[in-house]
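Q: Right, I'll just put the structure down here and ask away after.
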Amino acid sequence: MSTGAPMPGEGERSESGAGAEPHALLAGSVEAEPAPPAARIAAGTPAFRRLNAGLFAAGFATFALLYSVQPLLPLFADEFGTGAAGASLALSLSTGTLAVALLVASSLSEVTGRKPVMLAALFSSAILTLAVALADDWSVLLALRAATGLALSGLPAVAMAFLVDEVDRPAVGRAMGLYIGGSAIGGMSGRLLVALLADHFGWRVALGVTGAVGLVAAVLLWRFLPPARHFVARRPDVPALARSLLAHLGDRGLVLLFAEGFLLMGAFVTLYNYLGFRLLAPPYGLGHGAVGAIFTTYLFGTVASAWMGTLSDRFSRRRVLPASIAVMAAGLGLTMLADLAAIVAGVALFTFGFFGAHSVASGWVGLRAETAKAQASSLYLLAYYAGSSLAGTAGGLLWTAGGWTGVAGFVAALTAMAIGVSWLLARTPPPAWMRRAG
């Protein structure tokens with residue numbers, strides 16, 4: 001729906017204007033005169049295909065490494081005698097350190113550059129996963145998993161900022177969608193590959209193979225990702241960092257996008273967390289393997305990320321975002337039916353809508369932020385992972401109180417709020433710096 005004025009991330013001039021990208025982590029501390037602006041990477045070019053290959057591999061490995069332990073938690077509980085809650089620390093410590101470290105890693109990338117931070121993150125997290133496969137002590141394993149989350153914090157927000165820096169504006173949505181699609185496949189494949197290998201060879205071999213896959217992805221990222229041509233490094237300055245952080249939090253449009261990330265991920269994780277409880281119980285009585293196979297619906301997310309990203313470049317983000325969330329709502333409605341085929345179809349539709357909405361919202365963050373774009377992306381991801389943790393836990397209370405009806409009602413409320421936020425975003429004018437740029 002048009003509001004008669006240019007909306008954030010749509011119809012404005014590129015943030016860089018006629019000169020270099022204004023990434024100021026440190027206001028007024030340019031170290032050298034910027035070189036004449038180089039052309040950004042356009043869709044359909046060999047450089048665009050290479051960039052997407054490198055970042056697809058990075059997205060794949062990031063979430064394969066992060067979530068690889070999820071299907072192994074019962075095995076950890078048996079081998080180390082930790083119980084279910086103790087075993088869950090192998091995952092929660094990684095996601096917790098990842099969320100907390102996002103701001104630090106993105107700020108570091110404003111000083112050292114995007115590519116070095118991403119390469120260090122992927123190589124170190126892959127090596128740490130290999131070390132986890134050799135750990136004999138539970139406390140050592142947990143320390144290594146916490147360190148893995150810390151290392152992986154150098155990838156998600158920094159990769160998003162790199163895309164916005166280097167890719168031609170009309171192609172940002174498509175490139176962001178492909179990166180998130182790689183993340184979706186990695187999240188799915190990491191779980192399925194590890195579960196399959198653990199059944200036949202044990203969890204240590206499973207994690208060893210996952211770490212090796214991470215190393216291969218790191219080599220691909222190093223080989224295919226082009227050098228940055230629109231990045232201006234800055235000296236670290238904590239007061240300037242704080243000012244840029246406050247500037248992001250003072251931008252109504254960015255705050256709405258952060259809230260959108262919280263709501264979208266909260267709804268998504270809640271649905272997947274408790275779907276298994278429903279399908280393991282009568283009248284379905286599925287086995288764990290059959291329930292785990294539902295993660296293959298992440299493939300629909302891969303398609304959605306790329307397709308919705310392209311549609312957002314063509315038809316505007318303010319239209320595509322609410323449409324994607326409406327698809328989520330339709331899928332949720334199907335899960336209320338008793339027929340198993342309808343439930344699976346509903347999960348697939350919900351997944352399609354979620355990844356489409358996340359692709360649009362995350363790309364919008366980088367386009368709207370004037371400076372410190374990696375920091376803005378990290379704030380979005382901080383809210384995103386907070387939604388996963390807080391809403392996912394709250395959904396458990398509703399499962400206990402009302403079964404699937406309670407969970408679906410909670411997810412419906414989150415989805416409705418997400419649609420409301422998208423409505424507010426469509427009516428939020430671009431920031432002053434965009435209006436000045438013409």
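Residue numbering restarts at 1 for every chain of the structure tokens, chains are lettered A, B, ... in their displayed order, and ligands are numbered from 1 as they appear.
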Name the residues in contact with stretch 210-216 of chain A at a cut-off of 9 Å, using only C-alpha atoms, excluding same-chain residues fewer than 2 positions from it; report them as number ranges by chain.

A: A: 57-58, 60-62, 64-65, 68, 122-131, 133, 190, 193-194, 205-208, 218-221

Q: Leaving out A:Leu192 and any residue of its chain fewer than 6 positions from it, which residues lie within 9 Å of it when counting only C-alpha atoms, given as a list in words?

A: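 In the requested format, the answer is Ser68, Pro71, Gly292, Ala293, Phe295 and Thr296 of chain A.
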
Q: Which residue is closest to A:Ile325? Choose from A:Leu337, A:Val303, A:Ala418, A:Ala386 and count only C-alpha atoms.

A: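 That would be A:Ala418, the residue with the smallest distance to A:Ile325.
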
Q: Among the residues of stretch 107-180 of chain A, find those DSSP assigns to alpha helix (DSSP H) from the backbone and print them as a PyMOL selection string.

A: chain A and resi 107-112+114-134+138-152+156-166+172-180

Q: Can you write out as a tab-separated table which residues of stretch 292-394 of chain A fall within 10 Å of stretch 240-246 of chain A, alongside each residue's closest atom pair and its distance in Å to one decimal, counting only C-alpha atoms and ordering rows by chain and ascending residue number?

A:
residue	atom	partner	partner_atom	distance
A:Ala369	CA	A:Ser244	CA	9.8
A:Glu370	CA	A:Ser244	CA	9.5
A:Thr371	CA	A:Ser244	CA	7.3
A:Ala372	CA	A:Ser244	CA	6.8
A:Lys373	CA	A:Ser244	CA	9.6
A:Gln375	CA	A:Leu245	CA	7.4
A:Ala376	CA	A:Leu245	CA	7.8
A:Leu379	CA	A:Leu245	CA	8.8

Q: Would you kindly return, as a list of chain:residue names, each protein, DNA or RNA residue with an atom no farther than 7 Å from any atom of A:Leu271, considering only C-alpha atoms and excluding same-chain residues fewer than 4 positions away?

A: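 These residues fall inside the cut-off: A:Ala267, A:Leu275, A:Val411.
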
Q: Would you save the residues of that selection, restricted to C-alpha atoms, as a short mmCIF file (atom, residue, chain, number, x, y, z; two decimals), in the first residue's frame?

A:
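Everything below was put into part-v5.cif:
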data_model
loop_
_atom_site.label_atom_id
_atom_site.label_comp_id
_atom_site.auth_asym_id
_atom_site.auth_seq_id
_atom_site.Cartn_x
_atom_site.Cartn_y
_atom_site.Cartn_z
CA ALA A 267 6.91 -17.41 16.33
CA LEU A 275 5.41 -29.54 17.04
CA VAL A 411 2.16 -18.11 17.70
#

Q: Show me, as CSV, the residues of stretch 354-426 of chain A having an atom within 8 Å of stretch 155-175 of chain A, each with the closest atom pair and its distance in Å, using only C-alpha atoms.

A:
residue,atom,partner,partner_atom,distance
A:Ser359,CA,A:Gly173,CA,7.5
A:Val360,CA,A:Gly173,CA,6.8
A:Ser362,CA,A:Met160,CA,7.8
A:Gly363,CA,A:Gly173,CA,6.2
A:Gly366,CA,A:Val164,CA,6.0
A:Leu367,CA,A:Val164,CA,6.8
A:Lys373,CA,A:Ala161,CA,5.6
A:Ala374,CA,A:Ala161,CA,4.8
A:Gln375,CA,A:Ala157,CA,7.4
A:Ser377,CA,A:Ala157,CA,4.9
A:Ser378,CA,A:Ala157,CA,4.8
A:Leu381,CA,A:Ala157,CA,7.0

Q: Excluding A:Val347 and any residue of its chain fewer than 2 positions from it, enumerate the residues within 9 Å of it, using only C-alpha atoms, and give them as a PDB file with N, CA and C atoms, in the first residue's frame.

A:
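Final output, saved to around.pdb:
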ATOM      1  N   LEU A 271       6.850 -22.626  17.164  1.00  0.00           N
ATOM      2  CA  LEU A 271       6.139 -23.655  16.395  1.00  0.00           C
ATOM      3  C   LEU A 271       6.972 -24.924  16.277  1.00  0.00           C
ATOM      4  N   TYR A 272       8.246 -24.794  15.940  1.00  0.00           N
ATOM      5  CA  TYR A 272       9.089 -25.977  15.763  1.00  0.00           C
ATOM      6  C   TYR A 272       9.415 -26.655  17.088  1.00  0.00           C
ATOM      7  N   ILE A 294      10.815 -33.567   9.456  1.00  0.00           N
ATOM      8  CA  ILE A 294      10.042 -32.355   9.159  1.00  0.00           C
ATOM      9  C   ILE A 294      10.977 -31.165   8.945  1.00  0.00           C
ATOM     10  N   THR A 297      11.437 -29.282   5.620  1.00  0.00           N
ATOM     11  CA  THR A 297      10.636 -28.138   5.155  1.00  0.00           C
ATOM     12  C   THR A 297      11.473 -26.862   5.097  1.00  0.00           C
ATOM     13  N   MET A 328       2.752 -16.991   6.625  1.00  0.00           N
ATOM     14  CA  MET A 328       2.973 -17.664   7.901  1.00  0.00           C
ATOM     15  C   MET A 328       1.652 -17.946   8.604  1.00  0.00           C
ATOM     16  N   GLY A 331      -0.221 -20.821   7.020  1.00  0.00           N
ATOM     17  CA  GLY A 331       0.371 -22.105   7.383  1.00  0.00           C
ATOM     18  C   GLY A 331       0.021 -22.512   8.803  1.00  0.00           C
ATOM     19  N   LEU A 332       0.034 -21.560   9.715  1.00  0.00           N
ATOM     20  CA  LEU A 332      -0.334 -21.853  11.101  1.00  0.00           C
ATOM     21  C   LEU A 332      -1.765 -22.369  11.175  1.00  0.00           C
ATOM     22  N   LEU A 334      -3.367 -24.109   8.990  1.00  0.00           N
ATOM     23  CA  LEU A 334      -3.409 -25.506   8.549  1.00  0.00           C
ATOM     24  C   LEU A 334      -2.956 -26.467   9.647  1.00  0.00           C
ATOM     25  N   THR A 335      -2.032 -26.030  10.499  1.00  0.00           N
ATOM     26  CA  THR A 335      -1.564 -26.923  11.566  1.00  0.00           C
ATOM     27  C   THR A 335      -2.638 -27.190  12.610  1.00  0.00           C
ATOM     28  N   ALA A 342      -2.114 -32.294   6.278  1.00  0.00           N
ATOM     29  CA  ALA A 342      -2.412 -30.860   6.391  1.00  0.00           C
ATOM     30  C   ALA A 342      -1.445 -30.183   7.350  1.00  0.00           C
ATOM     31  N   ILE A 343      -1.078 -30.883   8.425  1.00  0.00           N
ATOM     32  CA  ILE A 343      -0.139 -30.306   9.393  1.00  0.00           C
ATOM     33  C   ILE A 343       1.222 -30.087   8.738  1.00  0.00           C
ATOM     34  N   VAL A 344       1.702 -31.098   8.019  1.00  0.00           N
ATOM     35  CA  VAL A 344       3.003 -30.977   7.355  1.00  0.00           C
ATOM     36  C   VAL A 344       2.965 -29.859   6.310  1.00  0.00           C
ATOM     37  N   ALA A 345       1.879 -29.778   5.548  1.00  0.00           N
ATOM     38  CA  ALA A 345       1.741 -28.709   4.565  1.00  0.00           C
ATOM     39  C   ALA A 345       1.719 -27.343   5.252  1.00  0.00           C
ATOM     40  N   LEU A 349       4.334 -24.256   4.676  1.00  0.00           N
ATOM     41  CA  LEU A 349       3.871 -22.919   4.304  1.00  0.00           C
ATOM     42  C   LEU A 349       4.347 -21.884   5.317  1.00  0.00           C
ATOM     43  N   PHE A 350       4.268 -22.223   6.594  1.00  0.00           N
ATOM     44  CA  PHE A 350       4.742 -21.326   7.655  1.00  0.00           C
ATOM     45  C   PHE A 350       6.230 -21.047   7.483  1.00  0.00           C
ATOM     46  N   THR A 351       6.990 -22.095   7.181  1.00  0.00           N
ATOM     47  CA  THR A 351       8.435 -21.948   6.997  1.00  0.00           C
ATOM     48  C   THR A 351       8.747 -21.063   5.799  1.00  0.00           C
ATOM     49  N   PHE A 352       8.014 -21.269   4.709  1.00  0.00           N
ATOM     50  CA  PHE A 352       8.181 -20.440   3.513  1.00  0.00           C
ATOM     51  C   PHE A 352       7.966 -18.964   3.858  1.00  0.00           C
TER      52      PHE A 352
END

Q: From the set A:Thr270, A:Thr148, A:Thr95, A:Gln70, which residue has the shortest atom-to-atom contact distance to A:Leu397, counting only C-alpha atoms?

A: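 Of A:Thr270, A:Thr148, A:Thr95, A:Gln70, the one nearest A:Leu397 is A:Thr270, counting only C-alpha atoms.
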
Q: So which residues touch A:Leu425 within 9 Å, counting only C-alpha atoms, skipping near sequence neighbours fewer than 4 positions away, as a ChimeraX atom specification?

A: /A:7-8,252-253,256-257,318,420-421,429

Q: Find, counting only C-alpha atoms, the residue in A:Ala184, A:Leu340, A:Leu196, A:Val407 that gets nearest to A:Tyr298.

A: A:Ala184

Q: Out of A:Ser153, A:Asn52, A:Ser183, A:Thr415, which residue has the shortest atom-to-atom distance to A:Ala391 when counting only C-alpha atoms?

A: A:Thr415
